[in-house]
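Colleague: Take a look at my_file.txt, compact mmCIF, C-alpha atoms:
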```
# COMPACT_ATOMS: atom_id res chain seq x y z
CA VAL W 1 41.42 3.73 3.56
CA GLU W 2 40.61 0.50 1.74
CA ARG W 3 38.11 -0.44 4.45
CA THR W 4 36.19 2.83 4.15
CA GLN W 5 33.34 3.73 1.80
CA PRO W 6 34.03 7.32 0.74
CA PHE W 7 31.37 9.45 -0.92
CA PHE W 8 32.26 12.41 -3.11
CA ILE W 9 29.84 15.33 -3.16
CA ARG W 10 30.02 17.81 -6.01
CA CYS W 11 28.59 21.17 -5.01
CA ILE W 12 26.91 23.43 -7.56
CA LYS W 13 26.74 27.14 -6.90
CA PRO W 14 23.26 28.51 -7.65
CA ASN W 15 24.52 32.08 -8.10
CA GLN W 16 27.65 34.18 -7.74
CA GLN W 17 26.51 35.68 -4.44
CA LYS W 18 25.54 32.26 -3.00
CA ALA W 19 22.26 33.83 -1.97
CA PRO W 20 19.30 31.61 -1.08
CA ASN W 21 16.25 31.20 -3.34
CA LYS W 22 18.10 32.58 -6.37
CA LEU W 23 18.98 30.35 -9.32
CA GLU W 24 21.09 31.46 -12.27
CA MET W 25 20.35 28.74 -14.79
CA LYS W 26 23.21 29.60 -17.20
CA MET W 27 25.75 29.42 -14.40
CA VAL W 28 24.41 26.09 -13.16
CA ILE W 29 24.40 24.58 -16.68
CA GLU W 30 28.01 25.67 -17.21
CA GLN W 31 29.12 24.06 -13.95
CA LEU W 32 27.36 20.79 -14.80
CA THR W 33 28.87 20.82 -18.31
CA TYR W 34 32.45 21.58 -17.22
CA ALA W 35 32.21 19.01 -14.41
CA GLY W 36 31.38 16.34 -16.98
CA VAL W 37 28.02 15.47 -15.45
CA PHE W 38 26.14 15.52 -18.75
CA GLU W 39 28.84 13.47 -20.42
CA ALA W 40 28.75 10.93 -17.59
CA VAL W 41 24.96 10.66 -17.92
CA LYS W 42 25.29 10.18 -21.67
CA ILE W 43 27.84 7.41 -21.23
CA ARG W 44 25.72 5.77 -18.53
CA LYS W 45 22.65 5.82 -20.79
CA CYS W 46 24.64 4.01 -23.48
CA GLY W 47 25.30 1.21 -21.02
CA PHE W 48 23.01 -0.55 -18.56
CA PRO W 49 22.34 1.72 -15.57
CA PHE W 50 19.99 -0.82 -13.96
CA ARG W 51 21.61 -4.00 -12.76
CA LEU W 52 20.03 -6.49 -10.39
CA PRO W 53 21.07 -9.99 -9.29
CA HIS W 54 18.85 -12.75 -10.63
CA SER W 55 17.20 -13.54 -7.29
CA LEU W 56 16.46 -9.88 -6.54
CA PHE W 57 15.08 -9.22 -10.02
CA ALA W 58 12.83 -12.30 -9.82
CA SER W 59 11.45 -11.42 -6.37
CA LYS W 60 10.90 -7.78 -7.36
CA TYR W 61 9.17 -8.31 -10.71
CA ARG W 62 7.44 -11.68 -10.32
CA TRP W 63 4.29 -9.65 -9.58
CA ILE W 64 3.98 -8.68 -13.26
CA ALA W 65 2.50 -12.14 -13.86
CA ARG W 66 -0.60 -11.02 -11.92
CA LYS W 67 -3.39 -10.01 -14.34
CA ALA W 68 -6.98 -8.88 -13.91
CA HIS W 69 -8.27 -12.44 -14.42
CA GLY W 70 -5.70 -14.03 -12.08
CA TRP W 71 -2.14 -15.24 -12.11
CA VAL W 72 -0.47 -16.04 -15.40
CA PRO W 73 1.45 -19.31 -14.93
CA ILE W 74 5.22 -18.83 -14.91
CA GLU W 75 6.49 -21.73 -16.99
CA VAL W 76 9.43 -22.86 -14.90
CA SER W 77 10.15 -25.91 -12.78
CA ALA W 78 10.93 -25.86 -9.08
CA SER W 79 14.51 -26.95 -9.74
CA SER W 80 15.18 -24.14 -12.21
CA SER W 81 17.92 -21.62 -11.57
CA PRO W 82 17.18 -17.95 -10.75
CA GLN W 83 18.44 -17.10 -14.25
CA GLN W 84 15.82 -19.38 -15.84
CA TYR W 85 13.16 -17.97 -13.52
CA CYS W 86 13.96 -14.43 -14.74
CA HIS W 87 13.48 -15.59 -18.34
CA ALA W 88 10.12 -17.14 -17.40
CA VAL W 89 8.94 -13.98 -15.58
CA LEU W 90 9.66 -11.80 -18.61
CA ALA W 91 7.98 -14.32 -20.92
CA SER W 92 4.78 -14.29 -18.82
CA VAL W 93 3.74 -10.85 -20.19
CA HIS W 94 3.12 -9.65 -23.73
CA GLN W 95 5.91 -7.08 -23.83
CA ASP W 96 9.09 -6.76 -25.86
CA PHE W 97 11.89 -7.30 -23.36
CA SER W 98 14.46 -8.24 -25.97
CA LYS W 99 16.70 -5.40 -24.74
CA VAL W 100 16.79 -6.84 -21.23
CA HIS W 101 19.99 -8.86 -20.96
CA ILE W 102 20.10 -11.70 -18.47
CA GLY W 103 23.75 -12.38 -17.79
CA ARG W 104 25.52 -14.97 -15.70
CA SER W 105 25.01 -13.17 -12.40
CA MET W 106 22.87 -10.10 -13.12
CA VAL W 107 19.94 -8.79 -15.15
CA LEU W 108 20.91 -5.68 -17.13
CA TYR W 109 18.44 -3.21 -18.57
CA ARG W 110 18.02 0.47 -19.41
CA SER W 111 15.65 3.17 -18.21
CA GLU W 112 12.99 2.45 -20.85
CA GLU W 113 12.67 -1.18 -19.77
CA HIS W 114 12.85 -0.09 -16.14
CA ARG W 115 9.82 2.20 -16.59
CA VAL W 116 7.82 -0.56 -18.27
CA LEU W 117 8.71 -3.13 -15.61
CA ASP W 118 7.86 -0.76 -12.76
CA LEU W 119 4.57 0.19 -14.41
CA LEU W 120 3.57 -3.46 -14.85
CA LYS W 121 4.60 -4.23 -11.27
CA ASN W 122 2.60 -1.30 -9.83
CA LEU W 123 -0.48 -2.26 -11.84
CA ALA W 124 -0.23 -5.85 -10.65
CA LEU W 125 0.29 -4.85 -7.01
CA GLY W 126 -2.75 -2.59 -7.29
CA ARG W 127 -4.85 -5.62 -8.24
CA VAL W 128 -3.38 -7.69 -5.40
CA PHE W 129 -4.03 -4.96 -2.82
CA GLN W 130 -7.63 -4.67 -4.02
CA HIS W 131 -8.14 -8.35 -3.21
CA PHE W 132 -6.48 -7.86 0.19
CA GLN W 133 -8.75 -4.90 0.95
CA ALA W 134 -11.87 -6.78 -0.14
CA ALA W 135 -10.96 -9.79 2.02
CA PHE W 136 -10.24 -7.55 5.01
CA ARG W 137 -13.54 -5.71 4.62
CA ARG W 138 -15.44 -8.99 4.39
CA LYS W 139 -13.76 -10.14 7.58
CA MET W 140 -14.57 -6.84 9.30
CA GLY W 141 -18.21 -7.09 8.19
CA ARG W 142 -18.60 -10.63 9.53
CA VAL W 143 -17.09 -9.71 12.89
CA TYR W 144 -19.24 -6.58 13.12
CA ARG W 145 -22.43 -8.49 12.31
CA GLY W 146 -21.68 -11.06 14.99
CA LEU W 147 -20.99 -8.42 17.64
CA LEU W 148 -24.03 -6.42 16.56
CA ARG W 149 -26.33 -9.42 16.97
CA GLN W 150 -24.90 -9.97 20.44
CA ALA W 151 -25.31 -6.27 21.37
CA ILE W 152 -28.89 -6.13 20.02
CA ALA W 153 -29.81 -9.21 22.06
CA GLY W 154 -28.69 -7.34 25.18
CA LEU W 155 -30.82 -4.33 24.28
CA GLN W 156 -33.84 -6.54 23.65
CA ARG W 157 -33.48 -8.17 27.06
CA ALA W 158 -33.30 -4.74 28.70
CA ILE W 159 -36.43 -3.58 26.84
CA ALA W 160 -38.34 -6.72 27.83
CA THR W 161 -37.27 -6.37 31.48
CA VAL W 162 -38.32 -2.70 31.70
CA ARG W 163 -41.64 -3.29 29.97
CA GLY W 164 -42.39 -6.12 32.38
CA CYS W 165 -42.21 -3.75 35.36
CA SER W 166 -45.46 -2.35 36.71
CA MET W 167 -43.76 0.85 37.90
CA MET W 168 -40.89 2.62 36.13
CA GLY W 169 -38.42 4.72 38.05
CA ASP W 170 -34.71 5.27 38.66
CA ALA W 171 -33.92 1.55 38.74
CA GLU W 172 -35.28 1.08 35.23
CA VAL W 173 -33.39 4.15 33.98
CA SER W 174 -30.17 2.72 35.44
CA ALA W 175 -30.90 -0.62 33.76
CA LEU W 176 -31.36 1.08 30.39
CA GLU W 177 -28.18 3.13 30.85
CA LYS W 178 -26.29 -0.04 31.68
CA ALA W 179 -27.72 -1.72 28.58
CA ILE W 180 -26.45 1.20 26.44
CA ARG W 181 -22.98 0.95 28.03
CA VAL W 182 -22.89 -2.80 27.46
CA TYR W 183 -23.97 -2.21 23.85
CA HIS W 184 -21.02 0.13 23.18
CA ASP W 185 -18.60 -2.11 25.12
CA THR W 186 -19.67 -5.12 23.06
CA LEU W 187 -19.12 -3.34 19.76
CA GLY W 188 -15.85 -1.82 20.95
CA ARG W 189 -14.04 0.06 18.19
CA PHE W 190 -16.76 -0.89 15.71
CA SER W 191 -19.05 1.50 17.58
CA ALA W 192 -16.90 4.43 16.41
CA ILE W 193 -16.38 3.04 12.89
CA PHE W 194 -20.09 2.52 12.23
CA ASP W 195 -21.31 5.46 14.31
CA GLU W 196 -23.79 6.55 11.62
CA TYR W 197 -25.81 3.36 12.00
CA GLU W 198 -27.72 2.48 15.14
CA PRO W 199 -30.23 -0.41 15.27
CA ALA W 200 -33.90 0.20 16.01
CA GLU W 201 -33.50 -1.42 19.45
CA TYR W 202 -30.89 1.16 20.40
CA GLU W 203 -33.17 4.03 19.45
CA GLN W 204 -36.01 2.31 21.31
CA VAL W 205 -33.97 2.05 24.53
CA LYS W 206 -33.09 5.74 24.30
CA ALA W 207 -36.72 6.67 23.72
CA ILE W 208 -37.93 4.61 26.72
CA LYS W 209 -35.21 6.10 28.92
CA LYS W 210 -36.18 9.61 27.86
CA ALA W 211 -39.87 8.93 28.50
CA ILE W 212 -39.19 7.59 32.00
CA SER W 213 -36.92 10.53 32.85
CA GLU W 214 -39.59 13.02 31.81
```
Written as structure tokens, that's how I'd like the structure from this file.
Modeller:
Amino acid sequence: VERTQPFFIRCIKPNQQKAPNKLEMKMVIEQLTYAGVFEAVKIRKCGFPFRLPHSLFASKYRWIARKAHGWVPIEVSASSSPQQYCHAVLASVHQDFSKVHIGRSMVLYRSEEHRVLDLLKNLALGRVFQHFQAAFRRKMGRVYRGLLRQAIAGLQRAIATVRGCSMMGDAEVSALEKAIRVYHDTLGRFSAIFDEYEPAEYEQVKAIKKAISE
């Protein structure tokens, strides 16, 4: 028994008939009251319901030092303890965290401080993710431009080859169709992502192919 991790589940009856989709609020409130749930919540709110080890608190909330203009320096040395790092993280923002208690092994705080910390963390992560997205889009744009230049060069060679022929027939149509296939193969998945844009050379190849076929 000592090696097990038992969980106790307290069931609340929604109504006397135990029928689905029917809630008798008075009955539910009475059960919660007599079971001591409200009293337990009241006692828990008087204490510190949120408790995290120093290292976990520091790794979870170090993001709050990220501001719109960049990172706020966390004034702590590399040899500092996790406890000192937690103090420095809280001091990096202009908020009253006097009710957050940093003990010997854990950081203790209540729901009000928890909401503020989570809000600051989410705002900071939003700024970080915006930079990640912008960097990723820049990278995607550079790769796409390079592949597009390569694909357009292939179309231009096909146009020059076809225009240099004295007679246009099935061979030229096949060459243009191959150039279109190579164009899409070169762009790969970018062809589907940027499907609304096609270069003038692509439209020109299609027009020449249509004119020959007619």
Colleague: What is the distance between CA of Ala65 in chain W and CA of Val93 in chain W, in Å to one decimal?
Modeller: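 Those two atoms sit 6.6 Å apart.
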Colleague: Which centre and edge lengths in Å to one decimal define the box along x, y and z that fits every listed atom of range 20-33 of chain W plus 6 Å per side, as AutoDock Vina command-line options?
Modeller:
```
--center_x 22.7 --center_y 26.7 --center_z -9.7 --size_x 24.9 --size_y 23.8 --size_z 29.2
```
Colleague: Excluding range 146-150 of chain W and any residue of its chain fewer than 4 positions from it, enumerate the residues within 12 Å of it, using all atoms listed in the file, and give them as a PyMOL selection string.
Modeller: chain W and resi 139-142+154-157+179+182-191+194+197-202
Colleague: Nearest to Ala192 in chain W among W:Phe7, W:Lys178, W:Tyr144, W:Val205, with distances taken over only C-alpha atoms: which residue is it?
Modeller: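 Going through W:Phe7, W:Lys178, W:Tyr144, W:Val205 one by one, the smallest distance to Ala192 in chain W is for W:Tyr144.
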Colleague: Given the choices W:Ser166, W:Ser98, W:Ser174, W:Ser105, which gets closest to Pro82 in chain W if the distance is worked out from only C-alpha atoms?
Modeller: W:Ser105
Colleague: Could you tell me which of W:Ala91, W:His101, W:Ala19, W:Val41 comes closest to Pro53 in chain W if we count all atoms listed in the file?
Modeller: W:His101
Colleague: Tell me, in Å to one decimal, how far CA of His54 in chain W is from CA of Glu2 in chain W.
Modeller: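 For CA of His54 in chain W relative to CA of Glu2 in chain W, the distance reads 28.3 Å.
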Colleague: Can you tell me which residues surround Phe57 in chain W at a distance of at most 10 Å, considering only C-alpha atoms, apart from same-chain residues fewer than 5 positions away, and format the answer as a list in words?
Modeller: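 Contacts, in chain order: Arg51, Leu52, Arg62, Pro82, Gln83, Tyr85, Cys86, Val89, Met106, Val107 and Leu108 of chain W.
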Colleague: Which neighbours of Ser111 in chain W fall inside 9 Å, counting all atoms listed in the file, when residues of the same chain fewer than 2 positions from it are skipped, and could you give them as a ChimeraX atom specification?
Modeller: /W:45,48-50,109,113-116
